[in-house]
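Worksheet: the structure to be examined is printed underneath.
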Amino acid sequence: MAIGDSITYLNDHPDETGNRITKGYLSLITERLPGLRYINQGHNGWTAVRIAKEFDQLKVPAADVYTIFLGTNDWWSGQPIGTFQDYKDSTGTTTVYGAFRTIVGKLRALQPHAPIILITPMQRVDFVYINNPKNNARGSYRDKKGQTLAHVVAAIDSIGRYEHCKVVDLYHQRGLQLPQLVHFKRLKDSATGQYRNYPYPAFIGLPYNPDTDEYPYPEAAIAATYDGLHPSDKGYKIIADALYRQIRHIYKH
């Protein structure tokens, strides 16, 4: 049972990526483990806070293994991370820590002995949605509302240690670092008005107008992501490989 946001959701909806992906991480893992089936509880744009608030409406069934891959939308939307005490004290869904406590508690109530694997957010550069360029967001190279994406990662890591859950750390994963997410961002040169390909970090702060400018990530720009945020086939393979290393041990037992 995979609980997540759009990175999980898109596994089953490649048409929503402009068909820039062929297989997501769930499909790749189940291909390698015959007999393993997945249920996709990925929800576009959802935060851990929203998953926690609406958990009962999702009708999550009992499963043998759960993965939780959330946090990037909490960071961008400015959800307070809170403190580890919010997790220990189960303070509710006003913080990321509290939301994770709610989710973990609900899963343990469903299936007390099922392993839970936590997956941290991966880094992100400037996101521009391929189906609506007006939906765009700055990358994780700077903080948002005084919080960094690394703070979210640290929170998830501390929860994993406390709960004795495996943590797949994609934030520090080789192949998913900021310079490797896109080959370039195609933007107008303010001096000449001509389009240029700017690699990371040269494009930081350069203007992009979704009303008048070309989509900044043509196919040649695709690296580990196809839009600055969502994994490409290459990115999904890296994620699948990292998660497979944890799931295969459970699967064998």
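Residues are named by chain letter and number: chains run A, B, ... in the order of the structure tokens, numbers start at 1 in each chain, and ligands are numbered from 1 in the order shown.
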Counting only C-alpha atoms, what is within 10 Å of stretch 194-207 of chain A, bar same-chain residues fewer than 5 positions away, as a PDB file with C-alpha atoms, in the first residue's frame?
ATOM      1  CA  VAL A 125      14.391  22.693  -8.775  1.00  0.00           C
ATOM      2  CA  ASP A 126      11.915  25.131 -10.319  1.00  0.00           C
ATOM      3  CA  ARG A 138      10.479  27.600  -6.890  1.00  0.00           C
ATOM      4  CA  GLY A 139      12.951  24.858  -6.075  1.00  0.00           C
ATOM      5  CA  TYR A 141      17.482  25.554  -2.994  1.00  0.00           C
ATOM      6  CA  LEU A 178      19.881  19.561  -7.623  1.00  0.00           C
ATOM      7  CA  PRO A 179      22.280  19.731 -10.603  1.00  0.00           C
ATOM      8  CA  GLN A 180      21.012  16.337 -11.827  1.00  0.00           C
ATOM      9  CA  LEU A 181      17.288  17.054 -11.883  1.00  0.00           C
ATOM     10  CA  VAL A 182      17.170  18.860 -15.257  1.00  0.00           C
ATOM     11  CA  HIS A 183      19.836  19.437 -17.877  1.00  0.00           C
ATOM     12  CA  PHE A 184      18.725  23.040 -18.256  1.00  0.00           C
ATOM     13  CA  LYS A 185      15.850  25.501 -18.037  1.00  0.00           C
ATOM     14  CA  ARG A 186      15.086  27.253 -21.326  1.00  0.00           C
ATOM     15  CA  LEU A 187      14.452  30.941 -20.734  1.00  0.00           C
ATOM     16  CA  LYS A 188      14.649  34.233 -22.576  1.00  0.00           C
ATOM     17  CA  ASP A 189      17.913  36.116 -22.236  1.00  0.00           C
ATOM     18  CA  ASP A 213       7.155  32.160 -22.794  1.00  0.00           C
ATOM     19  CA  GLU A 214       7.712  28.698 -24.199  1.00  0.00           C
ATOM     20  CA  PRO A 216      10.996  25.871 -20.169  1.00  0.00           C
ATOM     21  CA  TYR A 217      11.635  22.128 -20.060  1.00  0.00           C
ATOM     22  CA  ALA A 221      16.016  19.174 -20.650  1.00  0.00           C
TER      23      ALA A 221
END
Exercise for review: Run DSSP on the backbone and grab whatever in stretch 80-210 of chain A lands in strand (DSSP E or B); send it over as a PyMOL selection string.
Suggested key: chain A and resi 116-119+127-128+136-137+144+147+166-168+182+185-188+195-198
Review point. Got a sec: who's within 9 Å of A:Gln173, counting only C-alpha atoms, leaving out chain neighbours fewer than 4 positions off, as a ChimeraX atom specification?
Key: /A:122,168-169,177,238-239,242
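The shell of residues at most 9 Å from stretch 85-97 of chain A, with only C-alpha atoms counted and near chain neighbours (fewer than 4 positions) removed, consists of Thr47, Ala48, Val49, Arg50, Ala52, Lys53, Gly71, Asp74, Gln79, Pro80, Ile81, Arg101, Thr102, Val152, Ala155, Ile156 and Ile159 of chain A.
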Kindly save the residues from that selection, with C-alpha atoms included, as a CSV table (one decimal), in the first residue's frame.
chain,number,residue,atom,x,y,z
A,47,THR,CA,0.2,17.1,2.0
A,48,ALA,CA,0.8,14.8,4.9
A,49,VAL,CA,-1.5,17.1,6.8
A,50,ARG,CA,-4.3,16.5,4.4
A,52,ALA,CA,-4.0,12.7,8.0
A,53,LYS,CA,-7.1,14.8,8.1
A,71,GLY,CA,6.4,16.0,2.6
A,74,ASP,CA,3.8,20.3,3.1
A,79,GLN,CA,2.7,23.7,6.7
A,80,PRO,CA,4.4,24.1,10.1
A,81,ILE,CA,6.8,21.2,10.6
A,101,ARG,CA,1.8,10.5,14.0
A,102,THR,CA,-1.8,10.4,12.9
A,152,VAL,CA,11.1,18.0,6.6
A,155,ALA,CA,11.7,15.2,10.8
A,156,ILE,CA,10.9,12.1,8.8
A,159,ILE,CA,10.2,9.6,13.1
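With atom CA of A:Val167 on one side and atom CA of A:Thr72 on the other, the separation reads 15.6 Å.
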Using only C-alpha atoms, find each residue of stretch 2-59 of chain A with at least one atom at most 12 Å away from an atom of stretch 248-251 of chain A; report its shortest atom-to-atom pair and that distance in Å (one decimal), sort the rows by chain and rising residue number, and return the result as CSV.
residue,atom,partner,partner_atom,distance
A:Ile29,CA,A:Arg248,CA,9.2
A:Thr30,CA,A:Arg248,CA,10.4
A:Arg32,CA,A:Arg248,CA,9.1
A:Leu33,CA,A:Arg248,CA,7.6
A:Pro34,CA,A:Tyr251,CA,10.0
A:Gly35,CA,A:Tyr251,CA,9.8
A:Leu36,CA,A:Tyr251,CA,8.1
A:Arg37,CA,A:Tyr251,CA,11.3
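Distances to A:Pro121 were evaluated for A:Thr83, A:Ser27, A:Ser232, A:Ser6 using only C-alpha atoms, and the minimum falls at A:Ser6.
Using only C-alpha atoms, the shortest contact distance between A:Lys237 and any of A:Gly105, A:Pro14, A:Gly175, A:Pro115 is found at A:Gly175.
Atom CA of A:Leu28 lies 14.8 Å from atom CA of A:Met1.
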